[in-house]
Structure formats: C-alpha cells, structure tokens
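To be precise, the following lines are model.tsv, and they hold TSV, C-alpha atoms and all ligand atoms.
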chain	number	residue	atom	x	y	z
A	1	MET	CA	-3.72	-23.14	-13.12
A	2	ARG	CA	-5.09	-20.93	-10.32
A	3	ILE	CA	-2.54	-19.90	-7.67
A	4	TYR	CA	-3.36	-18.64	-4.20
A	5	PHE	CA	-0.71	-16.34	-2.71
A	6	ASP	CA	-2.92	-14.45	-0.29
A	7	ASN	CA	-2.60	-16.62	2.80
A	8	ALA	CA	-2.15	-13.68	5.18
A	9	SER	CA	-5.64	-12.65	4.21
A	10	THR	CA	-7.15	-16.08	4.69
A	11	THR	CA	-6.09	-19.68	4.16
A	12	PRO	CA	-7.80	-22.54	2.37
A	13	MET	CA	-9.40	-24.96	4.80
A	14	LEU	CA	-7.71	-28.34	5.05
A	15	THR	CA	-9.75	-31.29	3.78
A	16	ALA	CA	-9.46	-33.03	7.15
A	17	VAL	CA	-10.91	-29.93	8.82
A	18	ILE	CA	-13.79	-29.70	6.34
A	19	ASP	CA	-14.59	-33.41	6.78
A	20	HIS	CA	-14.53	-33.07	10.55
A	21	MET	CA	-16.83	-30.04	10.42
A	22	VAL	CA	-19.28	-31.82	8.13
A	23	LYS	CA	-19.37	-34.75	10.54
A	24	VAL	CA	-19.88	-32.47	13.55
A	25	SER	CA	-22.60	-30.51	11.71
A	26	ARG	CA	-24.40	-33.71	10.84
A	27	GLU	CA	-24.01	-35.64	14.06
A	28	ASP	CA	-23.36	-33.17	16.87
A	29	PHE	CA	-25.98	-30.52	16.27
A	30	GLY	CA	-27.06	-30.26	19.91
A	31	ASN	CA	-26.99	-26.99	21.78
A	32	PRO	CA	-24.08	-27.06	24.26
A	33	SER	CA	-26.33	-25.43	26.87
A	34	SER	CA	-28.80	-28.34	26.79
A	35	ILE	CA	-28.35	-30.90	29.50
A	36	HIS	CA	-29.50	-33.92	27.49
A	37	GLN	CA	-27.11	-36.15	25.61
A	38	HIS	CA	-27.15	-34.15	22.36
A	39	GLY	CA	-26.25	-31.05	24.33
A	40	ARG	CA	-23.57	-32.78	26.37
A	41	LYS	CA	-21.91	-34.09	23.22
A	42	ALA	CA	-21.79	-30.60	21.69
A	43	LYS	CA	-20.50	-29.18	24.97
A	44	SER	CA	-17.68	-31.74	25.07
A	45	ILE	CA	-16.59	-30.66	21.57
A	46	VAL	CA	-16.36	-27.04	22.73
A	47	GLU	CA	-14.54	-27.98	25.93
A	48	ASN	CA	-12.05	-30.23	24.14
A	49	ALA	CA	-11.34	-27.38	21.75
A	50	ARG	CA	-10.75	-25.04	24.66
A	51	LYS	CA	-8.29	-27.52	26.16
A	52	LEU	CA	-6.40	-27.64	22.92
A	53	VAL	CA	-6.16	-23.85	22.54
A	54	ALA	CA	-5.13	-23.47	26.18
A	55	LYS	CA	-2.40	-26.10	25.75
A	56	ALA	CA	-1.09	-24.43	22.57
A	57	LEU	CA	-0.69	-21.13	24.46
A	58	ASN	CA	0.42	-22.54	27.83
A	59	ALA	CA	-2.72	-21.01	29.33
A	60	SER	CA	-5.30	-22.43	31.72
A	61	LEU	CA	-8.62	-23.73	30.50
A	62	GLY	CA	-10.54	-20.92	32.16
A	63	GLU	CA	-8.56	-18.27	30.31
A	64	VAL	CA	-9.75	-19.13	26.78
A	65	PHE	CA	-13.06	-17.93	25.31
A	66	PHE	CA	-14.35	-18.46	21.79
A	67	THR	CA	-15.47	-15.47	19.75
A	68	SER	CA	-16.76	-14.81	16.23
A	69	SER	CA	-13.40	-13.44	15.07
A	70	ALA	CA	-10.19	-11.82	16.18
A	71	THR	CA	-11.83	-8.50	15.38
A	72	GLU	CA	-14.37	-9.21	18.10
A	73	ALA	CA	-11.63	-10.41	20.46
A	74	ASN	CA	-9.54	-7.28	19.97
A	75	ASN	CA	-12.55	-4.96	20.37
A	76	MET	CA	-13.54	-6.81	23.53
A	77	ILE	CA	-10.09	-6.60	25.06
A	78	LEU	CA	-9.42	-2.95	24.31
A	79	LYS	CA	-12.84	-1.55	25.15
A	80	ASN	CA	-13.46	-3.67	28.23
A	81	ALA	CA	-9.99	-3.23	29.66
A	82	VAL	CA	-10.72	0.50	29.67
A	83	GLN	CA	-14.23	0.04	31.03
A	84	ASP	CA	-13.56	-2.64	33.64
A	85	LEU	CA	-9.91	-2.42	34.61
A	86	GLY	CA	-9.59	1.34	34.71
A	87	ILE	CA	-7.04	1.50	31.91
A	88	GLN	CA	-6.46	5.18	31.22
A	89	LYS	CA	-3.76	4.97	28.60
A	90	ILE	CA	-3.07	2.52	25.76
A	91	ILE	CA	0.34	2.46	24.12
A	92	SER	CA	0.17	0.92	20.67
A	93	SER	CA	1.87	1.09	17.28
A	94	PRO	CA	0.76	2.72	14.02
A	95	THR	CA	1.14	-0.57	12.16
A	96	GLU	CA	-1.54	-2.51	14.04
A	97	HIS	CA	-4.51	-4.04	12.25
A	98	HIS	CA	-7.49	-1.73	11.69
A	99	CYS	CA	-9.57	-3.60	14.25
A	100	VAL	CA	-7.10	-2.38	16.89
A	101	LEU	CA	-6.48	1.08	15.46
A	102	HIS	CA	-10.15	1.84	14.87
A	103	SER	CA	-11.03	0.62	18.38
A	104	LEU	CA	-8.38	3.00	19.71
A	105	ASP	CA	-9.85	5.82	17.58
A	106	TYR	CA	-13.25	5.06	19.09
A	107	LEU	CA	-11.84	5.14	22.62
A	108	THR	CA	-10.11	8.48	22.12
A	109	LEU	CA	-13.01	10.02	20.22
A	110	HIS	CA	-15.29	9.25	23.14
A	111	ASN	CA	-12.70	10.42	25.70
A	112	LYS	CA	-12.52	7.00	27.25
A	113	CYS	CA	-8.73	6.81	27.34
A	114	MET	CA	-5.51	8.34	26.01
A	115	VAL	CA	-3.58	6.62	23.26
A	116	GLU	CA	0.12	6.98	22.49
A	117	TYR	CA	1.92	5.44	19.54
A	118	ILE	CA	5.38	3.90	19.58
A	119	GLU	CA	7.71	5.01	16.79
A	120	VAL	CA	8.40	2.44	14.08
A	121	ASP	CA	11.39	2.39	11.75
A	122	LYS	CA	11.47	1.81	7.99
A	123	TYR	CA	11.35	-1.96	8.52
A	124	GLY	CA	8.29	-1.75	10.75
A	125	ASN	CA	10.27	-2.50	13.94
A	126	ILE	CA	8.84	-0.81	16.98
A	127	ASN	CA	11.34	1.37	18.80
A	128	TYR	CA	11.77	-0.46	22.13
A	129	ASN	CA	13.60	2.51	23.66
A	130	HIS	CA	10.68	4.74	22.80
A	131	LEU	CA	8.28	2.20	24.31
A	132	GLU	CA	10.35	2.27	27.48
A	133	VAL	CA	10.25	6.09	27.58
A	134	LEU	CA	6.47	6.05	27.12
A	135	LEU	CA	6.10	3.48	29.88
A	136	LYS	CA	8.46	5.35	32.20
A	137	ASN	CA	6.63	8.64	31.68
A	138	SER	CA	3.16	7.25	32.12
A	139	ASN	CA	1.42	8.19	35.36
A	140	ALA	CA	-1.85	6.65	34.27
A	141	LYS	CA	-2.96	3.02	34.44
A	142	THR	CA	-1.57	1.71	31.17
A	143	MET	CA	-1.90	-1.16	28.73
A	144	VAL	CA	0.41	-1.91	25.81
A	145	SER	CA	-1.24	-3.25	22.65
A	146	VAL	CA	1.27	-4.54	20.11
A	147	MET	CA	0.85	-7.25	17.51
A	148	HIS	CA	3.14	-10.30	17.24
A	149	GLY	CA	3.46	-10.35	13.46
A	150	ASN	CA	2.46	-7.68	10.97
A	151	ASN	CA	-0.04	-8.94	8.41
A	152	GLU	CA	1.13	-6.60	5.64
A	153	ILE	CA	4.91	-6.63	5.81
A	154	GLY	CA	5.69	-9.65	8.01
A	155	THR	CA	7.84	-7.87	10.61
A	156	MET	CA	7.59	-9.52	14.03
A	157	THR	CA	7.93	-8.05	17.49
A	158	ASP	CA	9.89	-9.54	20.34
A	159	ILE	CA	6.92	-10.33	22.56
A	160	GLU	CA	9.02	-11.66	25.41
A	161	LYS	CA	10.94	-8.39	25.51
A	162	ILE	CA	7.72	-6.34	25.47
A	163	GLY	CA	6.20	-8.64	28.09
A	164	MET	CA	9.21	-8.16	30.34
A	165	MET	CA	8.97	-4.38	29.98
A	166	CYS	CA	5.25	-4.52	30.76
A	167	LYS	CA	6.00	-6.61	33.82
A	168	ASP	CA	8.68	-4.17	35.00
A	169	TYR	CA	6.33	-1.21	34.59
A	170	GLN	CA	3.30	-3.12	35.94
A	171	THR	CA	1.47	-2.60	32.70
A	172	LEU	CA	-0.95	-4.95	30.97
A	173	PHE	CA	0.04	-6.41	27.61
A	174	HIS	CA	-2.40	-7.14	24.78
A	175	CYS	CA	-0.97	-9.05	21.84
A	176	ASP	CA	-2.79	-9.51	18.53
A	177	SER	CA	-1.27	-12.80	17.43
A	178	VAL	CA	-3.62	-13.51	14.56
A	179	GLN	CA	-0.80	-13.96	12.03
A	180	THR	CA	1.43	-16.11	14.23
A	181	ILE	CA	-0.88	-18.56	16.03
A	182	GLY	CA	-0.12	-22.06	14.74
A	183	LYS	CA	3.00	-20.81	12.93
A	184	TYR	CA	5.21	-19.73	15.83
A	185	SER	CA	5.25	-20.95	19.44
A	186	ILE	CA	3.59	-18.59	21.86
A	187	ASP	CA	3.79	-19.01	25.61
A	188	VAL	CA	1.52	-16.48	27.28
A	189	GLN	CA	3.17	-17.03	30.64
A	190	ALA	CA	6.75	-16.66	29.45
A	191	ALA	CA	5.81	-13.50	27.51
A	192	HIS	CA	3.72	-12.05	30.37
A	193	ILE	CA	0.77	-11.61	28.04
A	194	SER	CA	-2.44	-10.38	29.65
A	195	PHE	CA	-4.69	-10.62	26.57
A	196	LEU	CA	-4.26	-12.29	23.20
A	197	SER	CA	-6.40	-12.87	20.11
A	198	GLY	CA	-6.46	-15.52	17.39
A	199	SER	CA	-8.58	-16.44	14.37
A	200	ALA	CA	-9.15	-19.89	12.84
A	201	HIS	CA	-9.21	-18.86	9.19
A	202	LYS	CA	-5.55	-17.80	9.30
A	203	PHE	CA	-4.41	-21.36	10.08
A	204	HIS	CA	-6.53	-23.37	7.61
A	205	GLY	CA	-9.63	-23.38	9.78
A	206	PRO	CA	-13.06	-21.86	9.14
A	207	LYS	CA	-13.99	-18.17	8.98
A	208	GLY	CA	-16.17	-16.59	11.64
A	209	VAL	CA	-14.55	-18.20	14.66
A	210	GLY	CA	-11.70	-16.99	16.83
A	211	PHE	CA	-10.68	-16.85	20.44
A	212	VAL	CA	-9.52	-14.54	23.14
A	213	TYR	CA	-7.08	-15.34	25.93
A	214	ILE	CA	-7.76	-13.39	29.10
A	215	ASN	CA	-5.25	-13.83	31.87
A	216	ASN	CA	-7.17	-14.83	35.00
A	217	LYS	CA	-5.74	-11.92	36.98
A	218	ASN	CA	-7.37	-9.43	34.61
A	219	ILE	CA	-10.99	-10.40	34.37
A	220	ILE	CA	-13.01	-8.12	32.15
A	221	SER	CA	-16.79	-8.21	31.82
A	222	PRO	CA	-18.64	-9.55	28.78
A	223	TYR	CA	-18.66	-7.59	25.56
A	224	ILE	CA	-21.79	-9.31	24.28
A	225	HIS	CA	-24.64	-9.76	26.77
A	226	GLY	CA	-27.17	-12.57	26.85
A	227	GLY	CA	-27.04	-16.17	27.99
A	228	ALA	CA	-24.46	-17.82	30.18
A	229	GLN	CA	-22.40	-19.32	27.36
A	230	GLU	CA	-18.60	-19.26	27.64
A	231	ARG	CA	-18.96	-19.03	31.42
A	232	ASN	CA	-20.89	-15.78	31.13
A	233	MET	CA	-18.11	-14.14	29.12
A	234	ARG	CA	-19.50	-14.28	25.62
A	235	ALA	CA	-23.23	-14.80	25.15
A	236	GLY	CA	-24.74	-16.46	22.10
A	237	THR	CA	-25.10	-20.13	21.20
A	238	GLU	CA	-21.63	-21.40	20.44
A	239	ASN	CA	-20.52	-21.99	16.86
A	240	VAL	CA	-19.89	-25.65	17.65
A	241	THR	CA	-18.98	-26.66	14.12
A	242	GLY	CA	-16.66	-23.69	13.76
A	243	ILE	CA	-15.04	-24.32	17.12
A	244	ALA	CA	-14.52	-27.99	16.16
A	245	GLY	CA	-12.88	-26.83	12.93
A	246	LEU	CA	-10.72	-24.30	14.76
A	247	ALA	CA	-9.51	-27.00	17.16
A	248	MET	CA	-8.61	-29.48	14.45
A	249	ALA	CA	-6.89	-26.82	12.34
A	250	LEU	CA	-4.87	-25.62	15.33
A	251	GLU	CA	-3.93	-29.15	16.33
A	252	LEU	CA	-2.63	-29.86	12.83
A	253	ALA	CA	-0.85	-26.50	12.65
A	254	VAL	CA	0.93	-27.13	15.96
A	255	GLN	CA	1.80	-30.72	15.05
A	256	ASN	CA	3.29	-29.66	11.71
A	257	MET	CA	4.65	-26.28	12.78
A	258	ASP	CA	8.32	-26.95	12.01
A	259	SER	CA	7.84	-28.76	8.73
A	260	ASN	CA	5.28	-26.20	7.52
A	261	ARG	CA	7.57	-23.34	8.43
A	262	ASN	CA	10.56	-24.93	6.71
A	263	LYS	CA	8.55	-25.40	3.55
A	264	ILE	CA	7.17	-21.85	3.62
A	265	GLN	CA	10.64	-20.43	4.34
A	266	HIS	CA	11.96	-22.29	1.33
A	267	LEU	CA	9.17	-20.96	-0.94
A	268	ARG	CA	9.78	-17.41	0.23
A	269	GLN	CA	13.51	-17.72	-0.30
A	270	VAL	CA	13.15	-19.12	-3.81
A	271	PHE	CA	10.66	-16.40	-4.74
A	272	LYS	CA	12.78	-13.63	-3.29
A	273	GLN	CA	15.97	-14.83	-4.98
A	274	ARG	CA	14.28	-15.14	-8.34
A	275	LEU	CA	12.74	-11.67	-8.07
A	276	GLU	CA	16.14	-10.20	-7.19
A	277	LYS	CA	17.70	-11.95	-10.15
A	278	GLU	CA	15.05	-11.12	-12.72
A	279	PHE	CA	14.05	-7.56	-11.85
A	280	ASP	CA	15.83	-4.23	-11.52
A	281	ASP	CA	15.14	-1.99	-8.58
A	282	ILE	CA	13.06	-4.48	-6.64
A	283	GLN	CA	12.71	-3.88	-2.91
A	284	PHE	CA	11.21	-5.81	-0.04
A	285	ASN	CA	9.16	-4.17	2.69
A	286	GLY	CA	9.59	-5.14	6.31
A	287	ARG	CA	12.32	-6.87	8.16
A	288	GLN	CA	14.27	-9.46	6.19
A	289	ASP	CA	16.87	-10.76	8.64
A	290	ASP	CA	15.60	-12.67	11.62
A	291	LEU	CA	12.38	-11.39	13.16
A	292	PHE	CA	10.02	-11.76	10.21
A	293	MET	CA	7.17	-14.12	9.38
A	294	SER	CA	8.16	-16.39	6.55
A	295	HIS	CA	4.67	-16.60	5.07
A	296	VAL	CA	4.71	-12.92	4.06
A	297	LEU	CA	6.77	-11.39	1.24
A	298	SER	CA	5.90	-7.77	0.61
A	299	VAL	CA	7.44	-6.69	-2.68
A	300	SER	CA	7.87	-3.07	-3.71
A	301	PHE	CA	8.03	-2.62	-7.49
A	302	PRO	CA	9.46	0.48	-9.17
A	303	PRO	CA	6.90	3.07	-10.32
A	304	GLY	CA	5.28	2.94	-13.73
A	305	PRO	CA	1.98	2.33	-15.48
A	306	LYS	CA	2.69	-1.41	-15.64
A	307	ALA	CA	3.28	-1.58	-11.90
A	308	ASP	CA	-0.10	0.04	-11.24
A	309	MET	CA	-1.86	-2.78	-13.07
A	310	LEU	CA	0.10	-5.62	-11.48
A	311	VAL	CA	-2.42	-7.02	-8.99
A	312	MET	CA	-5.15	-6.95	-11.61
A	313	ASN	CA	-2.95	-8.51	-14.28
A	314	LEU	CA	-1.80	-11.21	-11.86
A	315	ASP	CA	-5.44	-11.95	-11.14
A	316	ILE	CA	-6.17	-12.24	-14.87
A	317	ALA	CA	-3.17	-14.59	-15.13
A	318	GLY	CA	-4.72	-16.79	-12.41
A	319	ILE	CA	-2.67	-15.58	-9.44
A	320	SER	CA	-4.33	-14.17	-6.32
A	321	ALA	CA	-2.09	-11.75	-4.42
A	322	SER	CA	-2.85	-8.66	-2.43
A	323	SER	CA	-2.19	-5.02	-3.11
A	324	GLY	CA	-0.52	-2.90	-0.46
A	325	SER	CA	-2.89	-0.07	-1.07
A	326	ALA	CA	-6.33	0.95	-0.03
A	327	CYS	CA	-8.80	2.82	-2.17
A	328	SER	CA	-9.76	6.07	-0.55
A	329	ALA	CA	-12.24	8.37	-2.30
A	330	GLY	CA	-11.46	6.67	-5.60
A	331	ILE	CA	-7.71	7.23	-5.25
A	332	GLU	CA	-5.28	4.38	-4.65
A	333	GLU	CA	-3.19	5.14	-1.60
A	334	ASP	CA	-0.57	3.16	0.29
A	335	SER	CA	-1.99	1.33	3.29
A	336	HIS	CA	-1.51	2.80	6.78
A	337	VAL	CA	1.31	0.29	7.39
A	338	LEU	CA	3.24	1.32	4.26
A	339	VAL	CA	2.73	4.98	5.14
A	340	ALA	CA	4.01	4.31	8.69
A	341	ILE	CA	7.24	2.76	7.39
A	342	GLY	CA	7.75	5.55	4.86
A	343	HIS	CA	7.27	3.43	1.74
A	344	PRO	CA	7.59	5.78	-1.27
A	345	ALA	CA	4.03	6.36	-2.50
A	346	GLU	CA	5.02	6.20	-6.18
A	347	ARG	CA	6.25	2.60	-5.87
A	348	LYS	CA	3.79	-0.28	-6.02
A	349	THR	CA	3.64	-2.89	-3.28
A	350	ILE	CA	2.24	-6.36	-3.71
A	351	ARG	CA	2.01	-8.77	-0.82
A	352	PHE	CA	2.55	-12.41	-1.68
A	353	SER	CA	1.71	-14.67	1.24
A	354	PHE	CA	2.26	-18.39	1.33
A	355	SER	CA	1.10	-21.55	3.03
A	356	ALA	CA	2.54	-25.05	3.10
A	357	LEU	CA	0.02	-25.95	0.40
A	358	ASN	CA	1.93	-23.82	-2.14
A	359	THR	CA	4.60	-25.29	-4.43
A	360	ASP	CA	7.88	-24.34	-6.09
A	361	GLU	CA	6.16	-24.68	-9.44
A	362	GLU	CA	3.68	-21.96	-8.48
A	363	ILE	CA	6.55	-19.65	-7.51
A	364	HIS	CA	8.33	-20.12	-10.83
A	365	TYR	CA	5.10	-19.72	-12.80
A	366	THR	CA	4.35	-16.46	-10.96
A	367	VAL	CA	7.84	-15.06	-11.60
A	368	GLU	CA	7.47	-15.84	-15.31
A	369	LYS	CA	4.08	-14.11	-15.39
A	370	LEU	CA	5.50	-11.11	-13.53
A	371	LYS	CA	8.34	-10.90	-16.05
A	372	SER	CA	5.87	-10.70	-18.88
A	373	MET	CA	3.93	-7.95	-17.11
A	374	THR	CA	6.76	-5.65	-16.04
A	375	SER	CA	10.12	-4.46	-17.19
A	376	ALA	CA	12.23	-7.42	-16.10
A	377	LYS	CA	16.01	-7.27	-16.65
B	401	LIG	N1	-5.39	-8.85	13.32
B	401	LIG	C1	-4.59	-9.17	12.30
B	401	LIG	C2	-3.12	-8.97	12.43
B	401	LIG	C3	-5.12	-9.70	11.12
B	401	LIG	O1	-4.31	-10.01	10.10
B	401	LIG	C4	-6.53	-9.87	11.03
B	401	LIG	C5	-7.14	-10.35	9.78
B	401	LIG	O2	-6.72	-9.98	8.69
B	401	LIG	C6	-7.32	-9.53	12.14
B	401	LIG	C7	-6.72	-9.03	13.26
B	401	LIG	C8	-8.80	-9.72	12.11
B	401	LIG	O3	-9.13	-11.09	12.18
B	401	LIG	P1	-10.58	-11.62	11.83
B	401	LIG	O4	-10.61	-11.85	10.35
B	401	LIG	O5	-10.75	-12.89	12.60
B	401	LIG	O6	-11.55	-10.59	12.26
Final structure tokens representation of the file:
Amino acid sequence: MRIYFDNASTTPMLTAVIDHMVKVSREDFGNPSSIHQHGRKAKSIVENARKLVAKALNASLGEVFFTSSATEANNMILKNAVQDLGIQKIISSPTEHHCVLHSLDYLTLHNKCMVEYIEVDKYGNINYNHLEVLLKNSNAKTMVSVMHGNNEIGTMTDIEKIGMMCKDYQTLFHCDSVQTIGKYSIDVQAAHISFLSGSAHKFHGPKGVGFVYINNKNIISPYIHGGAQERNMRAGTENVTGIAGLAMALELAVQNMDSNRNKIQHLRQVFKQRLEKEFDDIQFNGRQDDLFMSHVLSVSFPPGPKADMLVMNLDIAGISASSGSACSAGIEEDSHVLVAIGHPAERKTIRFSFSALNTDEEIHYTVEKLKSMTSAK
C-alpha cells in the first residue's frame, strides 16, 4: 500500500481531468491566437475556463488571467504593483510562502519599496491590531499581502476583515489563496480583494498552470512581454491543455466543495484523535479551533533520534508526508513558518495533508506505522 498524505504540496489529478486533458491535447491543438477554426476552438476552451474561474471568485471575466503558476502570479502582482501603481510600502506576514517573501526581499534589496511585517502569534494568527497600527501609521501608498490559508500549518486569515481594513485605509489587498481555492468559498468583491493567485495542481488539476485575479480598478502592466495573449497581460502561447484541466478541476472542486470538506474534516479528526490517544507529548501546530484548513494537520513530535528519522521511515513504510524543516548548509532547520510561530527547534514537525481521495484505512495504517517507529504510549 502506498499512501499520499502530502496534498498541500500537490494533489493527484482526477481521472476525469486527465481524460479531458488527453482529449483536448489530441483534438484541440490549435493556437488560440489563430483565426481559423482550430484556433477558434482552442480560444473557446481558454475563454470558457476564464468564465468558470471568474464565476468561482465572483469576479468579472476581464479580471482573470492565466499564468504558469501561482509563483508567477504572486511575483507579477507584487513587483508590478510597485512598478505600475506606485506602491511604496507592502505590509505582509512572516509566514507567507517563499514566492511572496523572496519577491519582497528582492523589492527591498533593490530599494523599490519598504516592507513591514505583521506580528504573528504561536498559532500563526496575524495580529489584526498590529496590522491596523501599521496601516494607520503608513504615510506611503500601501498594499497588504496576506495569504488566505497557510500551507504549512493550516491557519487561515479572516480575509473579509483584512479586506475591510484595507478598504478603510484605502490600501490595496493581495491575497495568496493557493491553498484555499476550490476548498473554501472566496468572493473577491465581498473581501475587497485587489489581487489574488491560484494554482491548478492544489485542487487536483495539472501542474504548471495557475491564474491571477486583478481587480479592474488596479490595472498593472504585463510581467512577461511578447504577443498579445491574455489581452496583452501575459504573453506566450496559452497552455490550452493545462487551462482546460484547471477549469475542469476547479469546476469539480466547487461542485463537491462541501462533501469534500466534510470528508477531509472527518479524516483529520480521526487522525488527530488517534495520535492524541496513542502518543505522549504530541502537539499540533497552527490554529485548531475554527479558522484552520482541514486538509492540513501539522504534528509536532517530541525530540529524539527516532523523531529525526520519521519522514524517512514513513517513506520507507510507503507513506508520503512532508517534513516541517528545510535543509540549510547541510543542517536540518525548522522552516521559516515554524520559526515565526516559535516552534521549539528540538521537536520534529511532520505535515500530513489530506484530500477527499484519502481513506480512514490509510489513517489507521499510518498511525500503526507511526507507533512502531516512535515511543507510543
Ligand atoms: N503559495 C502557497 C501558499 C503555496 O502553497 C504554493 C505552493 O506550494 C505557492 C504559493 C506556489 O504555487 P505554484 O506551485 O503554483 O508555484
């Protein structure tokens, strides 16, 4: 048995999505920029996909652009908002994804804008009062960049609250919603979101295709220059097959959002309860009450030589999960998110992340394997 508990990293593609992409690859290979029938057919696939994404976000058609990834979308938003909209200050959080944090590092290194970070507590919650103070004290043209759901620990932000604050302080709001698209409802208008990013491979679609939402009041210029694709916003022949896969995956995710979430919530609950019962001194990173993403369970194991080997031993036992550490200069160190929430460095974090394709049986099997690898009660 091979078990996949790394769905925050990427998800398996659904068979229906694969079949659809094979069909599109075979039959609809035209270039969407061509005006003949092959081209028009490909173009209609891209435009139907755009309609679907726009509907899922309560956005207008002209506000959605396809990209190669959310990494590209986030780079485009941050760098071009500074370049084109005169943003002088970005307020973000230390627990953002590296594609946001490293873009911010680039912007500060090159003196393109100032960056301030909102305090986060031990659960990864941003401090809304601190955000308000930063907004109140800002004399520069400002944008807030805060993610919807944290990919490592699952803590979510209240995007409507942030959006309202941004509206009050006439500040733009960029939201990385890579982990929540297709899992939680997002209404860009209700949350006053100016920019948002998403990525197909996080909701059972293909890798290498994502999208950016750009509110039509905040037009930025293209990040990639070339042809007139994506209404001059993102040059390069469209990844028609990928976009078709993204659209079908999103449609299925939205259709089955409640049932998928109930199933995933159940799996998480069963796993968590069994871990609490079977192990001493087990802790869970991130928020555990209401504002958390149910597909992520970040487990902190007590220190010890066995704990250090856990991810590798799980892999040998046929279970794919993710370590909460990064290897820096040959030394295992807690990730930037775990450091930001003050996770004790001597403990070992493993992130288990689920999809609706997982089963109870897989949970129980994994707990049994974990028991044999660690000092269970
Ligand atoms: N933002 C978050 C929160 C993510 O989890 C990821 C992927 O892990 C990304 C951005 C980057 O997405 P992509 O793989 O499409 O570049």
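Taking all atoms listed in the file into account, Asp168 of chain A lies nearest to A:Glu132 out of the set A:Ser34, A:Glu132, A:Leu246, A:Ser9.
Using all atoms listed in the file for every distance, the candidate list A:Ile35, A:Glu119, A:Leu250, A:Asp360 yields A:Asp360 as the residue closest to Gln269 of chain A.
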What do you get as a VMD selection string if you pick all residues at most 6 Å from ligand LIG 401 (chain B), counting only C-alpha atoms and all ligand atoms? chain A and resid 9 69 to 71 97 150 to 151 176 178 to 179 199 210
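With all atoms listed in the file as the atoms that count, the residue of A:Gln37, A:Ser335, A:Thr237, A:Gln88 with the shortest distance to Thr108 of chain A is A:Gln88.
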Neighbour list for segment 56-64 of chain A as a list in words, cut-off 7 Å, all atoms listed in the file, skip fewer than 3 positions in-chain: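 Residues meeting the cut-off are Arg50, Lys51, Leu52, Val53, Ile186, Asp187, Val188, Gln189, Phe211, Val212, Tyr213, Ile214, Asn215 and Asn216 of chain A.
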In Å, with one decimal, what is the gap from atom CA of Ala317 of chain A to atom CA of Asp6 of chain A?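 Interatomic distance, atom CA of Ala317 of chain A to atom CA of Asp6 of chain A: 14.8 Å.
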Using all atoms listed in the file: which of A:Gly236, A:Glu278, A:Pro206, A:Pro344 has the shortest distance to Val22 of chain A: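 Using all atoms listed in the file, the shortest distance to Val22 of chain A belongs to A:Pro206.
The closest residue to Ile193 of chain A, picked from A:Ile181, A:Met164, A:Val311, A:Met13 and counting only C-alpha atoms, is A:Met164.
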Taking (6.4, -7.1, 9.1) in the file's coordinates as the center, which residues reach within 9 Å of it, counting only C-alpha atoms, put as a short mmCIF file (atom, residue, chain, number, x, y, z; two decimals) with C-alpha atoms, keeping the file's coordinate frame?
data_model
loop_
_atom_site.label_atom_id
_atom_site.label_comp_id
_atom_site.auth_asym_id
_atom_site.auth_seq_id
_atom_site.Cartn_x
_atom_site.Cartn_y
_atom_site.Cartn_z
CA THR A 95 1.14 -0.57 12.16
CA TYR A 123 11.35 -1.96 8.52
CA GLY A 124 8.29 -1.75 10.75
CA ASN A 125 10.27 -2.50 13.94
CA GLY A 149 3.46 -10.35 13.46
CA ASN A 150 2.46 -7.68 10.97
CA ASN A 151 -0.04 -8.94 8.41
CA GLU A 152 1.13 -6.60 5.64
CA ILE A 153 4.91 -6.63 5.81
CA GLY A 154 5.69 -9.65 8.01
CA THR A 155 7.84 -7.87 10.61
CA MET A 156 7.59 -9.52 14.03
CA THR A 157 7.93 -8.05 17.49
CA ASN A 285 9.16 -4.17 2.69
CA GLY A 286 9.59 -5.14 6.31
CA ARG A 287 12.32 -6.87 8.16
CA GLN A 288 14.27 -9.46 6.19
CA LEU A 291 12.38 -11.39 13.16
CA PHE A 292 10.02 -11.76 10.21
CA MET A 293 7.17 -14.12 9.38
CA VAL A 296 4.71 -12.92 4.06
CA LEU A 297 6.77 -11.39 1.24
CA SER A 298 5.90 -7.77 0.61
#
What is the distance between atom CA of Ser322 of chain A and atom CA of Pro305 of chain A, in Å to one decimal?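 Spanning atom CA of Ser322 of chain A to atom CA of Pro305 of chain A is a straight-line distance of 17.7 Å.
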Check the smallest atom-to-atom distance from each of A:Asn7, A:Ser320, A:Thr180, A:Ser194 to Cys166 of chain A using all atoms listed in the file, then report the winner.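 Of A:Asn7, A:Ser320, A:Thr180, A:Ser194, the one nearest Cys166 of chain A, counting all atoms listed in the file, is A:Ser194.
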Near Met1 of chain A, counting all atoms listed in the file, which residues have an atom at most 10 Å away, once you skip same-chain residues fewer than 4 positions from it, shown as a list of chain:residue names? A:Ala317, A:Gly318, A:Ile319, A:Glu362, A:Tyr365
Quick check, in Å to one decimal: how far apart do atom CA of Leu275 of chain A and atom CA of Pro12 of chain A lie? 25.5 Å
For Gly30 of chain A, find every residue with an atom within 9 Å (counting all atoms listed in the file), except residues of its own chain fewer than 3 positions away, and show them as number ranges by chain. A: 27, 33-34, 36-43, 240
Which residues are close to Val339 of chain A, i.e. within 10 Å by only C-alpha atoms, leaving aside same-chain residues fewer than 3 positions away? Reply as a list in words.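 Listing them by chain and then by number gives Pro94, Thr95, Lys122, Ser325, Glu333, Asp334, Ser335, His336, Gly342, His343, Pro344 and Ala345 of chain A.
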Just the selected residues (C-alpha atoms), exported as a CSV table (one decimal), in the coordinates of the input, please.
chain,number,residue,atom,x,y,z
A,94,PRO,CA,0.8,2.7,14.0
A,95,THR,CA,1.1,-0.6,12.2
A,122,LYS,CA,11.5,1.8,8.0
A,325,SER,CA,-2.9,-0.1,-1.1
A,333,GLU,CA,-3.2,5.1,-1.6
A,334,ASP,CA,-0.6,3.2,0.3
A,335,SER,CA,-2.0,1.3,3.3
A,336,HIS,CA,-1.5,2.8,6.8
A,342,GLY,CA,7.8,5.6,4.9
A,343,HIS,CA,7.3,3.4,1.7
A,344,PRO,CA,7.6,5.8,-1.3
A,345,ALA,CA,4.0,6.4,-2.5
I'd like the contact shell of Ile350 of chain A - 7 Å cut-off, only C-alpha atoms, skipping same-chain residues fewer than 2 positions apart - returned as number ranges by chain. A: 298-300, 321-324, 348, 352
